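Data block for coords-v3.pdb (PDB, C-alpha atoms and all ligand atoms):
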```
ATOM      1  CA  MET C   1     -51.220   7.373 122.912
ATOM      2  CA  ALA C   2     -53.661   9.998 124.193
ATOM      3  CA  THR C   3     -57.215  10.934 123.252
ATOM      4  CA  LEU C   4     -58.900  14.283 123.834
ATOM      5  CA  GLU C   5     -62.657  13.984 123.622
ATOM      6  CA  ILE C   6     -65.042  16.914 123.475
ATOM      7  CA  ARG C   7     -68.666  15.852 123.807
ATOM      8  CA  ASP C   8     -71.721  18.054 123.294
ATOM      9  CA  LEU C   9     -69.931  21.085 124.732
ATOM     10  CA  HIS C  10     -72.075  24.126 125.456
ATOM     11  CA  VAL C  11     -70.397  27.328 126.609
ATOM     12  CA  SER C  12     -71.815  30.730 127.543
ATOM     13  CA  VAL C  13     -70.433  34.143 128.431
ATOM     14  CA  ASP C  14     -71.948  36.842 130.598
ATOM     15  CA  VAL C  15     -73.207  39.803 128.620
ATOM     16  CA  GLU C  16     -74.914  43.004 129.808
ATOM     17  CA  ASP C  17     -78.452  41.656 129.745
ATOM     18  CA  GLY C  18     -77.824  38.055 130.824
ATOM     19  CA  THR C  19     -75.813  35.294 129.189
ATOM     20  CA  LYS C  20     -75.053  34.438 125.594
ATOM     21  CA  GLU C  21     -74.539  30.881 124.418
ATOM     22  CA  ILE C  22     -71.527  30.698 122.083
ATOM     23  CA  LEU C  23     -70.739  26.993 121.807
ATOM     24  CA  LYS C  24     -73.863  25.028 121.039
ATOM     25  CA  GLY C  25     -72.898  21.366 121.237
ATOM     26  CA  VAL C  26     -69.351  20.771 119.981
ATOM     27  CA  ASN C  27     -68.210  17.184 119.334
ATOM     28  CA  LEU C  28     -64.579  16.504 118.496
ATOM     29  CA  THR C  29     -61.972  13.785 119.113
ATOM     30  CA  VAL C  30     -58.229  14.383 118.772
ATOM     31  CA  LYS C  31     -55.702  11.564 119.132
ATOM     32  CA  SER C  32     -51.908  11.561 119.444
ATOM     33  CA  GLY C  33     -50.182  12.076 116.122
ATOM     34  CA  GLU C  34     -53.246  13.581 114.418
ATOM     35  CA  THR C  35     -53.543  17.174 113.237
ATOM     36  CA  HIS C  36     -57.029  18.648 113.241
ATOM     37  CA  ALA C  37     -57.826  22.078 111.835
ATOM     38  CA  ILE C  38     -60.847  24.044 112.944
ATOM     39  CA  MET C  39     -61.918  26.525 110.315
ATOM     40  CA  GLY C  40     -64.900  28.830 110.235
ATOM     41  CA  PRO C  41     -66.054  32.390 109.724
ATOM     42  CA  ASN C  42     -65.319  35.217 112.151
ATOM     43  CA  GLY C  43     -67.287  34.970 115.344
ATOM     44  CA  SER C  44     -68.234  31.299 114.937
ATOM     45  CA  GLY C  45     -66.714  30.397 118.326
ATOM     46  CA  LYS C  46     -63.291  28.981 117.432
ATOM     47  CA  SER C  47     -61.326  30.926 120.036
ATOM     48  CA  THR C  48     -64.068  30.310 122.585
ATOM     49  CA  LEU C  49     -63.415  26.580 122.205
ATOM     50  CA  ALA C  50     -59.701  27.105 122.951
ATOM     51  CA  TYR C  51     -60.406  29.389 125.910
ATOM     52  CA  SER C  52     -62.984  26.986 127.330
ATOM     53  CA  ILE C  53     -60.597  24.032 127.258
ATOM     54  CA  ALA C  54     -57.912  26.275 128.767
ATOM     55  CA  GLY C  55     -60.274  27.111 131.640
ATOM     56  CA  HIS C  56     -60.562  30.855 131.019
ATOM     57  CA  PRO C  57     -62.815  32.231 133.793
ATOM     58  CA  LYS C  58     -64.947  34.298 131.367
ATOM     59  CA  TYR C  59     -66.347  31.179 129.721
ATOM     60  CA  THR C  60     -68.873  29.016 131.541
ATOM     61  CA  VAL C  61     -69.357  25.426 130.457
ATOM     62  CA  THR C  62     -73.096  24.885 130.864
ATOM     63  CA  SER C  63     -73.134  21.264 129.676
ATOM     64  CA  GLY C  64     -71.049  18.633 127.936
ATOM     65  CA  THR C  65     -67.662  17.119 128.700
ATOM     66  CA  VAL C  66     -63.983  17.432 127.827
ATOM     67  CA  THR C  67     -61.857  14.422 128.735
ATOM     68  CA  LEU C  68     -58.245  13.413 128.223
ATOM     69  CA  ASP C  69     -57.928   9.629 128.278
ATOM     70  CA  GLY C  70     -61.192   9.519 130.188
ATOM     71  CA  GLU C  71     -60.086  12.066 132.830
ATOM     72  CA  ASP C  72     -62.325  15.093 133.320
ATOM     73  CA  VAL C  73     -60.302  18.057 132.030
ATOM     74  CA  LEU C  74     -62.884  20.626 133.106
ATOM     75  CA  ALA C  75     -62.542  19.529 136.745
ATOM     76  CA  MET C  76     -58.764  20.016 136.659
ATOM     77  CA  ALA C  77     -56.948  23.146 137.826
ATOM     78  CA  ILE C  78     -55.057  24.899 135.029
ATOM     79  CA  ASP C  79     -51.665  23.473 136.055
ATOM     80  CA  GLU C  80     -53.174  19.988 136.314
ATOM     81  CA  ARG C  81     -54.301  20.276 132.691
ATOM     82  CA  ALA C  82     -50.690  20.899 131.675
ATOM     83  CA  ARG C  83     -49.423  18.026 133.819
ATOM     84  CA  ALA C  84     -52.010  15.721 132.279
ATOM     85  CA  GLY C  85     -50.419  16.416 128.876
ATOM     86  CA  LEU C  86     -52.413  19.297 127.434
ATOM     87  CA  PHE C  87     -50.679  22.294 125.905
ATOM     88  CA  LEU C  88     -52.900  25.314 125.561
ATOM     89  CA  ALA C  89     -51.309  28.206 123.774
ATOM     90  CA  MET C  90     -53.290  31.322 124.409
ATOM     91  CA  GLN C  91     -54.152  33.753 121.710
ATOM     92  CA  TYR C  92     -52.841  36.735 123.687
ATOM     93  CA  PRO C  93     -50.020  35.506 125.920
ATOM     94  CA  VAL C  94     -49.385  37.609 129.007
ATOM     95  CA  GLU C  95     -46.225  39.495 129.921
ATOM     96  CA  VAL C  96     -44.289  38.129 132.877
ATOM     97  CA  PRO C  97     -42.009  40.945 134.032
ATOM     98  CA  GLY C  98     -38.752  39.890 135.687
ATOM     99  CA  VAL C  99     -38.934  36.273 134.418
ATOM    100  CA  THR C 100     -36.622  35.361 131.575
ATOM    101  CA  VAL C 101     -37.642  32.980 128.794
ATOM    102  CA  SER C 102     -34.917  30.596 129.943
ATOM    103  CA  ASN C 103     -36.180  30.490 133.553
ATOM    104  CA  PHE C 104     -39.771  30.305 132.472
ATOM    105  CA  LEU C 105     -39.141  27.290 130.216
ATOM    106  CA  ARG C 106     -37.219  25.416 132.904
ATOM    107  CA  THR C 107     -39.871  26.131 135.547
ATOM    108  CA  ALA C 108     -42.624  25.042 133.161
ATOM    109  CA  LYS C 109     -40.751  21.837 132.243
ATOM    110  CA  THR C 110     -40.202  21.033 135.924
ATOM    111  CA  ALA C 111     -43.873  21.643 136.729
ATOM    112  CA  VAL C 112     -45.127  19.519 133.842
ATOM    113  CA  ASP C 113     -42.713  16.584 134.371
ATOM    114  CA  GLY C 114     -42.770  16.670 138.188
ATOM    115  CA  GLU C 115     -38.954  16.879 138.295
ATOM    116  CA  ALA C 116     -36.315  19.291 137.090
ATOM    117  CA  PRO C 117     -34.772  18.421 133.731
ATOM    118  CA  LYS C 118     -31.112  17.359 133.797
ATOM    119  CA  LEU C 119     -29.154  20.538 133.232
ATOM    120  CA  ARG C 120     -26.802  19.230 130.556
ATOM    121  CA  THR C 121     -29.382  17.736 128.242
ATOM    122  CA  TRP C 122     -31.800  20.578 128.962
ATOM    123  CA  VAL C 123     -29.352  23.284 127.852
ATOM    124  CA  LYS C 124     -28.674  21.286 124.699
ATOM    125  CA  ASP C 125     -32.399  20.748 124.046
ATOM    126  CA  VAL C 126     -33.207  24.439 124.463
ATOM    127  CA  LYS C 127     -30.325  25.455 122.213
ATOM    128  CA  GLY C 128     -31.355  22.942 119.536
ATOM    129  CA  ALA C 129     -35.022  23.919 119.656
ATOM    130  CA  MET C 130     -34.146  27.606 119.408
ATOM    131  CA  GLU C 131     -31.872  26.952 116.449
ATOM    132  CA  ASN C 132     -34.625  24.996 114.721
ATOM    133  CA  LEU C 133     -36.965  27.927 115.159
ATOM    134  CA  ARG C 134     -34.233  30.294 114.017
ATOM    135  CA  MET C 135     -34.296  32.231 117.267
ATOM    136  CA  ASP C 136     -31.428  34.426 118.439
ATOM    137  CA  PRO C 137     -29.837  32.882 121.607
ATOM    138  CA  ALA C 138     -30.165  36.325 123.280
ATOM    139  CA  PHE C 139     -33.924  35.774 123.207
ATOM    140  CA  ALA C 140     -33.618  33.307 126.102
ATOM    141  CA  GLU C 141     -32.521  36.141 128.391
ATOM    142  CA  ARG C 142     -35.450  38.436 127.610
ATOM    143  CA  ASN C 143     -38.429  38.740 129.914
ATOM    144  CA  VAL C 144     -41.408  36.621 128.879
ATOM    145  CA  ASN C 145     -43.537  38.397 126.291
ATOM    146  CA  GLU C 146     -42.165  41.836 127.216
ATOM    147  CA  GLY C 147     -42.100  43.755 123.960
ATOM    148  CA  PHE C 148     -42.218  40.545 121.904
ATOM    149  CA  SER C 149     -43.291  41.049 118.326
ATOM    150  CA  GLY C 150     -46.140  38.922 116.946
ATOM    151  CA  GLY C 151     -43.629  36.592 115.302
ATOM    152  CA  GLU C 152     -41.524  36.303 118.475
ATOM    153  CA  LYS C 153     -44.593  35.427 120.542
ATOM    154  CA  LYS C 154     -45.467  32.653 118.114
ATOM    155  CA  ARG C 155     -41.931  31.280 118.019
ATOM    156  CA  HIS C 156     -41.882  31.324 121.822
ATOM    157  CA  GLU C 157     -45.161  29.438 121.896
ATOM    158  CA  ILE C 158     -43.870  26.737 119.536
ATOM    159  CA  LEU C 159     -40.574  26.606 121.482
ATOM    160  CA  GLN C 160     -42.598  25.825 124.615
ATOM    161  CA  MET C 161     -44.526  23.124 122.797
ATOM    162  CA  GLU C 162     -41.374  21.489 121.427
ATOM    163  CA  LEU C 163     -39.687  21.439 124.840
ATOM    164  CA  LEU C 164     -42.662  20.504 127.023
ATOM    165  CA  LYS C 165     -43.643  17.635 124.699
ATOM    166  CA  PRO C 166     -47.376  17.563 125.458
ATOM    167  CA  GLN C 167     -49.691  14.767 124.338
ATOM    168  CA  ILE C 168     -52.222  17.148 122.823
ATOM    169  CA  ALA C 169     -51.583  20.768 121.839
ATOM    170  CA  ILE C 170     -54.303  23.314 121.202
ATOM    171  CA  LEU C 171     -52.984  26.172 119.111
ATOM    172  CA  ASP C 172     -55.105  29.219 118.408
ATOM    173  CA  GLU C 173     -53.443  30.405 115.242
ATOM    174  CA  THR C 174     -53.708  34.057 114.575
ATOM    175  CA  ASP C 175     -51.206  34.020 111.764
ATOM    176  CA  SER C 176     -52.097  37.609 110.887
ATOM    177  CA  GLY C 177     -49.037  38.898 112.717
ATOM    178  CA  LEU C 178     -46.637  36.546 110.981
ATOM    179  CA  ASP C 179     -44.570  37.289 107.934
ATOM    180  CA  VAL C 180     -44.084  34.451 105.454
ATOM    181  CA  ASP C 181     -40.747  33.346 106.953
ATOM    182  CA  ALA C 182     -42.111  33.265 110.499
ATOM    183  CA  LEU C 183     -45.193  31.410 109.318
ATOM    184  CA  ARG C 184     -42.994  28.773 107.725
ATOM    185  CA  VAL C 185     -40.734  28.418 110.770
ATOM    186  CA  VAL C 186     -43.698  28.118 113.121
ATOM    187  CA  SER C 187     -45.405  25.589 110.848
ATOM    188  CA  GLU C 188     -42.224  23.518 110.589
ATOM    189  CA  GLY C 189     -42.129  23.468 114.405
ATOM    190  CA  VAL C 190     -45.665  22.109 114.556
ATOM    191  CA  ASN C 191     -44.899  19.472 111.905
ATOM    192  CA  ARG C 192     -41.686  18.505 113.718
ATOM    193  CA  ALA C 193     -43.494  18.088 117.055
ATOM    194  CA  LYS C 194     -46.031  15.862 115.338
ATOM    195  CA  GLU C 195     -43.370  13.688 113.711
ATOM    196  CA  THR C 196     -40.873  13.431 116.565
ATOM    197  CA  SER C 197     -43.116  13.210 119.601
ATOM    198  CA  GLU C 198     -46.491  12.210 118.144
ATOM    199  CA  VAL C 199     -48.250  15.307 119.462
ATOM    200  CA  GLY C 200     -51.935  15.512 118.629
ATOM    201  CA  VAL C 201     -52.650  19.022 117.389
ATOM    202  CA  LEU C 202     -55.903  20.955 117.407
ATOM    203  CA  LEU C 203     -55.143  23.924 115.210
ATOM    204  CA  ILE C 204     -57.626  26.756 115.308
ATOM    205  CA  THR C 205     -57.208  28.674 112.102
ATOM    206  CA  HIS C 206     -58.494  32.176 111.571
ATOM    207  CA  TYR C 207     -56.870  32.338 108.125
ATOM    208  CA  THR C 208     -56.269  29.499 105.676
ATOM    209  CA  ARG C 209     -52.723  30.734 104.934
ATOM    210  CA  ILE C 210     -51.153  28.504 107.600
ATOM    211  CA  LEU C 211     -52.651  25.393 105.995
ATOM    212  CA  ARG C 212     -50.246  25.796 103.079
ATOM    213  CA  TYR C 213     -47.527  24.694 105.486
ATOM    214  CA  ILE C 214     -49.358  22.414 107.904
ATOM    215  CA  LYS C 215     -51.345  19.605 106.312
ATOM    216  CA  PRO C 216     -54.215  18.680 108.595
ATOM    217  CA  ASP C 217     -55.408  15.065 108.716
ATOM    218  CA  PHE C 218     -58.911  16.273 109.568
ATOM    219  CA  VAL C 219     -60.749  19.537 108.953
ATOM    220  CA  HIS C 220     -63.792  20.642 110.955
ATOM    221  CA  VAL C 221     -65.934  23.518 109.766
ATOM    222  CA  PHE C 222     -67.263  25.597 112.636
ATOM    223  CA  ILE C 223     -70.499  27.486 112.059
ATOM    224  CA  ASP C 224     -72.440  29.265 114.776
ATOM    225  CA  GLY C 225     -70.904  27.414 117.715
ATOM    226  CA  LYS C 226     -70.820  23.899 116.370
ATOM    227  CA  VAL C 227     -69.208  21.629 113.806
ATOM    228  CA  ALA C 228     -71.166  21.845 110.545
ATOM    229  CA  GLU C 229     -68.999  19.585 108.390
ATOM    230  CA  GLU C 230     -65.930  17.389 108.657
ATOM    231  CA  GLY C 231     -63.494  16.044 106.137
ATOM    232  CA  GLY C 232     -59.855  15.591 105.183
ATOM    233  CA  SER C 233     -57.377  18.197 104.009
ATOM    234  CA  GLU C 234     -59.228  18.553 100.682
ATOM    235  CA  LEU C 235     -62.004  20.297 102.628
ATOM    236  CA  ALA C 236     -59.566  23.089 103.562
ATOM    237  CA  ASP C 237     -58.747  23.597  99.881
ATOM    238  CA  ARG C 238     -62.423  23.788  99.025
ATOM    239  CA  LEU C 239     -63.082  26.318 101.784
ATOM    240  CA  GLU C 240     -60.212  28.460 100.617
ATOM    241  CA  ALA C 241     -61.691  28.501  97.136
ATOM    242  CA  GLU C 242     -65.387  28.774  98.027
ATOM    243  CA  GLY C 243     -65.571  30.438 101.448
ATOM    244  CA  TYR C 244     -68.236  29.767 104.075
ATOM    245  CA  ASP C 245     -71.272  31.279 102.376
ATOM    246  CA  ARG C 246     -73.187  28.107 101.760
ATOM    247  CA  TYR C 247     -72.818  26.924 105.359
ATOM    248  CA  VAL C 248     -73.826  30.277 106.768
ATOM    249  CA  SER C 249     -76.940  30.534 104.604
ATOM    250  CA  ALA C 250     -77.849  26.908 105.400
ATOM    251  CA  ALA C 251     -77.534  27.673 109.136
ATOM    252  CA  LYS C 252     -79.815  30.702 108.776
ATOM    253  CA  ALA C 253     -82.440  28.864 106.715
TER     254      ALA C 253
HETATM  255  N1  LIG D   1     -66.329  37.687 126.611
HETATM  256  C1  LIG D   1     -67.262  37.820 125.656
HETATM  257  N2  LIG D   1     -68.333  38.616 125.822
HETATM  258  C2  LIG D   1     -69.270  38.745 124.858
HETATM  259  N3  LIG D   1     -69.243  38.087 123.687
HETATM  260  C3  LIG D   1     -68.212  37.276 123.481
HETATM  261  C4  LIG D   1     -67.158  37.091 124.440
HETATM  262  N4  LIG D   1     -66.255  36.227 123.933
HETATM  263  C5  LIG D   1     -66.727  35.876 122.717
HETATM  264  N5  LIG D   1     -67.882  36.505 122.444
HETATM  265  C6  LIG D   1     -68.680  36.402 121.204
HETATM  266  O1  LIG D   1     -68.753  35.042 120.856
HETATM  267  C7  LIG D   1     -68.690  34.881 119.441
HETATM  268  C8  LIG D   1     -67.567  33.919 119.110
HETATM  269  O2  LIG D   1     -66.307  34.544 119.344
HETATM  270  P1  LIG D   1     -64.907  33.812 119.063
HETATM  271  O3  LIG D   1     -63.820  34.783 119.355
HETATM  272  O4  LIG D   1     -64.880  32.521 119.764
HETATM  273  O5  LIG D   1     -65.003  33.571 117.497
HETATM  274  P2  LIG D   1     -63.891  33.129 116.443
HETATM  275  O6  LIG D   1     -64.532  32.074 115.620
HETATM  276  O7  LIG D   1     -62.622  32.792 117.143
HETATM  277  O8  LIG D   1     -63.744  34.453 115.578
HETATM  278  P3  LIG D   1     -62.519  35.089 114.738
HETATM  279  O9  LIG D   1     -62.225  34.171 113.602
HETATM  280  O10 LIG D   1     -63.106  36.382 114.294
HETATM  281  O11 LIG D   1     -61.357  35.288 115.669
HETATM  282  C9  LIG D   1     -68.529  36.288 118.882
HETATM  283  O12 LIG D   1     -69.794  36.750 118.493
HETATM  284  C10 LIG D   1     -68.003  37.085 120.044
HETATM  285  O13 LIG D   1     -68.364  38.429 119.967
END
```
So, in terms of structure tokens, how does the structure I just supplied come out?
Amino acid sequence: MATLEIRDLHVSVDVEDGTKEILKGVNLTVKSGETHAIMGPNGSGKSTLAYSIAGHPKYTVTSGTVTLDGEDVLAMAIDERARAGLFLAMQYPVEVPGVTVSNFLRTAKTAVDGEAPKLRTWVKDVKGAMENLRMDPAFAERNVNEGFSGGEKKRHEILQMELLKPQIAILDETDSGLDVDALRVVSEGVNRAKETSEVGVLLITHYTRILRYIKPDFVHVFIDGKVAEEGGSELADRLEAEGYDRYVSAAKA
């Protein structure tokens, strides 16, 4: 059982004429086995939240805390965050020339667990996870992210999550690059990880389409760098029907 707690998080970026505050006091708690969706209009700071927790150097945390079971996540090196049980899928994963998917997964698993996985079970686990995600076995021998299509990148991301078995996964879901089949396969992977290993998921949604396949337990509406409203999955349905207009005009008033 793990708890990720974000308390009064303020984050800025450097801009030409100084700094710009993007996150303006975010409060959020995600526990094992829960799925939380963050929804909000373009530019409201959703990706910034993911990047900040991931420790992206462009984003400066000016105040507030992020803890995992009471441990200070922001003080951890990036690899320590993964070892502590956080999975942070990046919106634009980097290419790793010369490193195959298969080697990458095994190295990542070894780093996260502190010991190499047993070869026999590992090979079986990878094969099973790839089958579940309907991935061609040849994919395992390709170099990480080299020439991957949008759908392949997403499947690879979910494959990592299923194999690394984090406590809390933060997924920045640009489902724009996914066709309906890929969207379904990726969503099934997220639902499976939640059911089989009790992963807590913080799903950052840029489009509501993915929420037809993943039912969030909690929905948080992000407006201008903070949470403006919270509710259950019915809130996602309402937002899909009504949009964000009333929040945005309330924030401006
Ligand atoms: N490195 C940066 N330099 C300058 N401004 C930035 C930087 N990163 C983010 N911003 C600004 O911060 C705001 C929030 O951006 P962010 O990408 O977090 O929003 P988002 O809610 O994920 O948007 P979308 O749904 O459009 O992807 C935007 O106005 C964006 O232009």
Problem set entry | Matched chain/residue IDs from the PyMOL selection byres (((chain C and resi 103) around 12) and not hetatm), as number ranges by chain | C: 96-102, 104-110, 116, 122-123, 126, 139-144, 160
May I ask you to write as an mmCIF file with C-alpha atoms, in the frame of the given file all residues lying at most 9 Å from ligand LIG 1 (chain D), with only C-alpha atoms and all ligand atoms counted?
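Everything below was put into result.cif:
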```cif
data_model
loop_
_atom_site.group_PDB
_atom_site.id
_atom_site.type_symbol
_atom_site.label_atom_id
_atom_site.label_comp_id
_atom_site.auth_asym_id
_atom_site.auth_seq_id
_atom_site.Cartn_x
_atom_site.Cartn_y
_atom_site.Cartn_z
ATOM 1 C CA SER C 12 -71.815 30.730 127.543
ATOM 2 C CA VAL C 13 -70.433 34.143 128.431
ATOM 3 C CA ASP C 14 -71.948 36.842 130.598
ATOM 4 C CA VAL C 15 -73.207 39.803 128.620
ATOM 5 C CA GLU C 16 -74.914 43.004 129.808
ATOM 6 C CA THR C 19 -75.813 35.294 129.189
ATOM 7 C CA LYS C 20 -75.053 34.438 125.594
ATOM 8 C CA GLU C 21 -74.539 30.881 124.418
ATOM 9 C CA ILE C 22 -71.527 30.698 122.083
ATOM 10 C CA LEU C 23 -70.739 26.993 121.807
ATOM 11 C CA MET C 39 -61.918 26.525 110.315
ATOM 12 C CA GLY C 40 -64.900 28.830 110.235
ATOM 13 C CA PRO C 41 -66.054 32.390 109.724
ATOM 14 C CA ASN C 42 -65.319 35.217 112.151
ATOM 15 C CA GLY C 43 -67.287 34.970 115.344
ATOM 16 C CA SER C 44 -68.234 31.299 114.937
ATOM 17 C CA GLY C 45 -66.714 30.397 118.326
ATOM 18 C CA LYS C 46 -63.291 28.981 117.432
ATOM 19 C CA SER C 47 -61.326 30.926 120.036
ATOM 20 C CA THR C 48 -64.068 30.310 122.585
ATOM 21 C CA LEU C 49 -63.415 26.580 122.205
ATOM 22 C CA ALA C 50 -59.701 27.105 122.951
ATOM 23 C CA TYR C 51 -60.406 29.389 125.910
ATOM 24 C CA LYS C 58 -64.947 34.298 131.367
ATOM 25 C CA TYR C 59 -66.347 31.179 129.721
ATOM 26 C CA ASP C 172 -55.105 29.219 118.408
ATOM 27 C CA THR C 174 -53.708 34.057 114.575
ATOM 28 C CA ILE C 204 -57.626 26.756 115.308
ATOM 29 C CA THR C 205 -57.208 28.674 112.102
ATOM 30 C CA HIS C 206 -58.494 32.176 111.571
ATOM 31 C CA TYR C 207 -56.870 32.338 108.125
ATOM 32 C CA PHE C 222 -67.263 25.597 112.636
ATOM 33 C CA ILE C 223 -70.499 27.486 112.059
ATOM 34 C CA ASP C 224 -72.440 29.265 114.776
ATOM 35 C CA GLY C 225 -70.904 27.414 117.715
#
```
Using all atoms listed in the file, which residues of segment 67-162 of chain C come within 8 Å of segment 182-196 of chain C, and what is the closest atom pair for each, with the distance in Å to one decimal? Give it as CSV, sorted by chain and residue number.
```
residue,atom,partner,partner_atom,distance
C:Asn132,CA,C:Gly189,CA,7.7
C:Leu133,CA,C:Val185,CA,5.8
C:Arg134,CA,C:Val185,CA,7.5
C:Gly151,CA,C:Ala182,CA,6.0
C:Lys154,CA,C:Val186,CA,7.0
C:Arg155,CA,C:Val186,CA,6.1
C:Ile158,CA,C:Gly189,CA,6.3
C:Leu159,CA,C:Gly189,CA,7.9
C:Met161,CA,C:Ala193,CA,7.7
C:Glu162,CA,C:Ala193,CA,5.9
```
For this session: Show which residues sit within 8 Å of Leu171 of chain C, as a VMD selection string. Count all atoms listed in the file, and ignore same-chain residues fewer than 5 positions away.
Result: chain C and resid 50 88 to 90 201 to 204
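Compared by their closest atoms to Val30 of chain C, and using all atoms listed in the file, the residues C:Val248, C:Ile168, C:Leu119, C:Ala77 rank with C:Ile168 nearest.
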Problem set entry | Within-10 Å shell of (-63.8, 10.9, 118.3) in input frame, all atoms listed in the file, as a list of chain:residue names |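 Residues found, by chain and rising number: C:Thr3, C:Leu4, C:Glu5, C:Ile6, C:Arg7, C:Asn27, C:Leu28, C:Thr29, C:Val30, C:Lys31.
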For this session: Find the distance between atom CA of Pro57 of chain C and atom CA of Asp79 of chain C and write it in Å to one decimal.
Result: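 It comes out at 14.4 Å.
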Suppose a student applies the PyMOL selection byres (((chain C and resi 61) around 6) and not hetatm) to this structure; what residues should they get, written as an mmCIF file with C-alpha atoms, in the frame of the given file?
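What follows is the written file out18.cif:
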```cif
data_model
loop_
_atom_site.group_PDB
_atom_site.id
_atom_site.type_symbol
_atom_site.label_atom_id
_atom_site.label_comp_id
_atom_site.auth_asym_id
_atom_site.auth_seq_id
_atom_site.Cartn_x
_atom_site.Cartn_y
_atom_site.Cartn_z
ATOM 1 C CA HIS C 10 -72.075 24.126 125.456
ATOM 2 C CA VAL C 11 -70.397 27.328 126.609
ATOM 3 C CA THR C 60 -68.873 29.016 131.541
ATOM 4 C CA THR C 62 -73.096 24.885 130.864
ATOM 5 C CA SER C 63 -73.134 21.264 129.676
#
```
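One finds atom CA of Gly55 of chain C at 15.1 Å from atom CA of Glu71 of chain C.
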Seminar exercise, completed: Correct to one decimal, the distance atom CA of Met1 of chain C-atom CA of Gln167 of chain C is 7.7 Å
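Nearest to Asp69 of chain C of all the residues C:Leu163, C:Val180, C:Leu86, C:Ala138 is C:Leu86, based on only C-alpha atoms.
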Exercise. Counting all atoms listed in the file, which of C:Glu230, C:Asp8, C:Glu80, C:Glu34 gets nearest to Gly64 of chain C?
Worked result: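 Of C:Glu230, C:Asp8, C:Glu80, C:Glu34, the one nearest Gly64 of chain C is C:Asp8, counting all atoms listed in the file.
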Exercise. Care to translate the PyMOL selection byres (((chain C and resi 216) around 8) and not hetatm) into actual residues of this file, as a ChimeraX atom specification?
Worked result: /C:34-37,211,214-215,217-219,232-233
For this session: Can you pull out every residue within 9 Å of segment 73-76 of chain C, counting only C-alpha atoms, but drop anything in the same chain fewer than 5 positions away, and send it as a ChimeraX atom specification?
Result: /C:52-55,61,65-68,81,84
May I ask you to restore N, CA and C atoms in segment 103-117 of chain C and write the result as an mmCIF file, in the frame of the given file?
```cif
data_model
loop_
_atom_site.group_PDB
_atom_site.id
_atom_site.type_symbol
_atom_site.label_atom_id
_atom_site.label_comp_id
_atom_site.auth_asym_id
_atom_site.auth_seq_id
_atom_site.Cartn_x
_atom_site.Cartn_y
_atom_site.Cartn_z
ATOM 1 N N ASN C 103 -35.653 30.939 132.256
ATOM 2 C CA ASN C 103 -36.180 30.490 133.553
ATOM 3 C C ASN C 103 -37.606 29.983 133.443
ATOM 4 N N PHE C 104 -38.371 30.672 132.656
ATOM 5 C CA PHE C 104 -39.771 30.305 132.472
ATOM 6 C C PHE C 104 -39.884 28.888 131.896
ATOM 7 N N LEU C 105 -39.076 28.600 130.872
ATOM 8 C CA LEU C 105 -39.141 27.290 130.216
ATOM 9 C C LEU C 105 -38.749 26.182 131.183
ATOM 10 N N ARG C 106 -37.702 26.440 131.981
ATOM 11 C CA ARG C 106 -37.219 25.416 132.904
ATOM 12 C C ARG C 106 -38.246 25.166 134.016
ATOM 13 N N THR C 107 -38.848 26.266 134.503
ATOM 14 C CA THR C 107 -39.871 26.131 135.547
ATOM 15 C C THR C 107 -41.077 25.373 134.998
ATOM 16 N N ALA C 108 -41.472 25.709 133.770
ATOM 17 C CA ALA C 108 -42.624 25.042 133.161
ATOM 18 C C ALA C 108 -42.334 23.553 132.964
ATOM 19 N N LYS C 109 -41.128 23.245 132.481
ATOM 20 C CA LYS C 109 -40.751 21.837 132.243
ATOM 21 C C LYS C 109 -40.772 21.060 133.568
ATOM 22 N N THR C 110 -40.243 21.684 134.609
ATOM 23 C CA THR C 110 -40.202 21.033 135.924
ATOM 24 C C THR C 110 -41.622 20.782 136.427
ATOM 25 N N ALA C 111 -42.497 21.780 136.247
ATOM 26 C CA ALA C 111 -43.873 21.643 136.729
ATOM 27 C C ALA C 111 -44.605 20.541 135.972
ATOM 28 N N VAL C 112 -44.402 20.486 134.668
ATOM 29 C CA VAL C 112 -45.127 19.519 133.842
ATOM 30 C C VAL C 112 -44.619 18.090 134.094
ATOM 31 N N ASP C 113 -43.287 17.931 134.208
ATOM 32 C CA ASP C 113 -42.713 16.584 134.371
ATOM 33 C C ASP C 113 -42.689 16.108 135.822
ATOM 34 N N GLY C 114 -42.829 17.050 136.773
ATOM 35 C CA GLY C 114 -42.770 16.670 138.188
ATOM 36 C C GLY C 114 -41.345 16.560 138.696
ATOM 37 N N GLU C 115 -40.353 16.837 137.857
ATOM 38 C CA GLU C 115 -38.954 16.879 138.295
ATOM 39 C C GLU C 115 -38.174 17.794 137.351
ATOM 40 N N ALA C 116 -37.105 18.361 137.897
ATOM 41 C CA ALA C 116 -36.315 19.291 137.090
ATOM 42 C C ALA C 116 -35.580 18.530 135.994
ATOM 43 N N PRO C 117 -35.514 19.108 134.795
ATOM 44 C CA PRO C 117 -34.772 18.421 133.731
ATOM 45 C C PRO C 117 -33.276 18.431 134.039
#
```
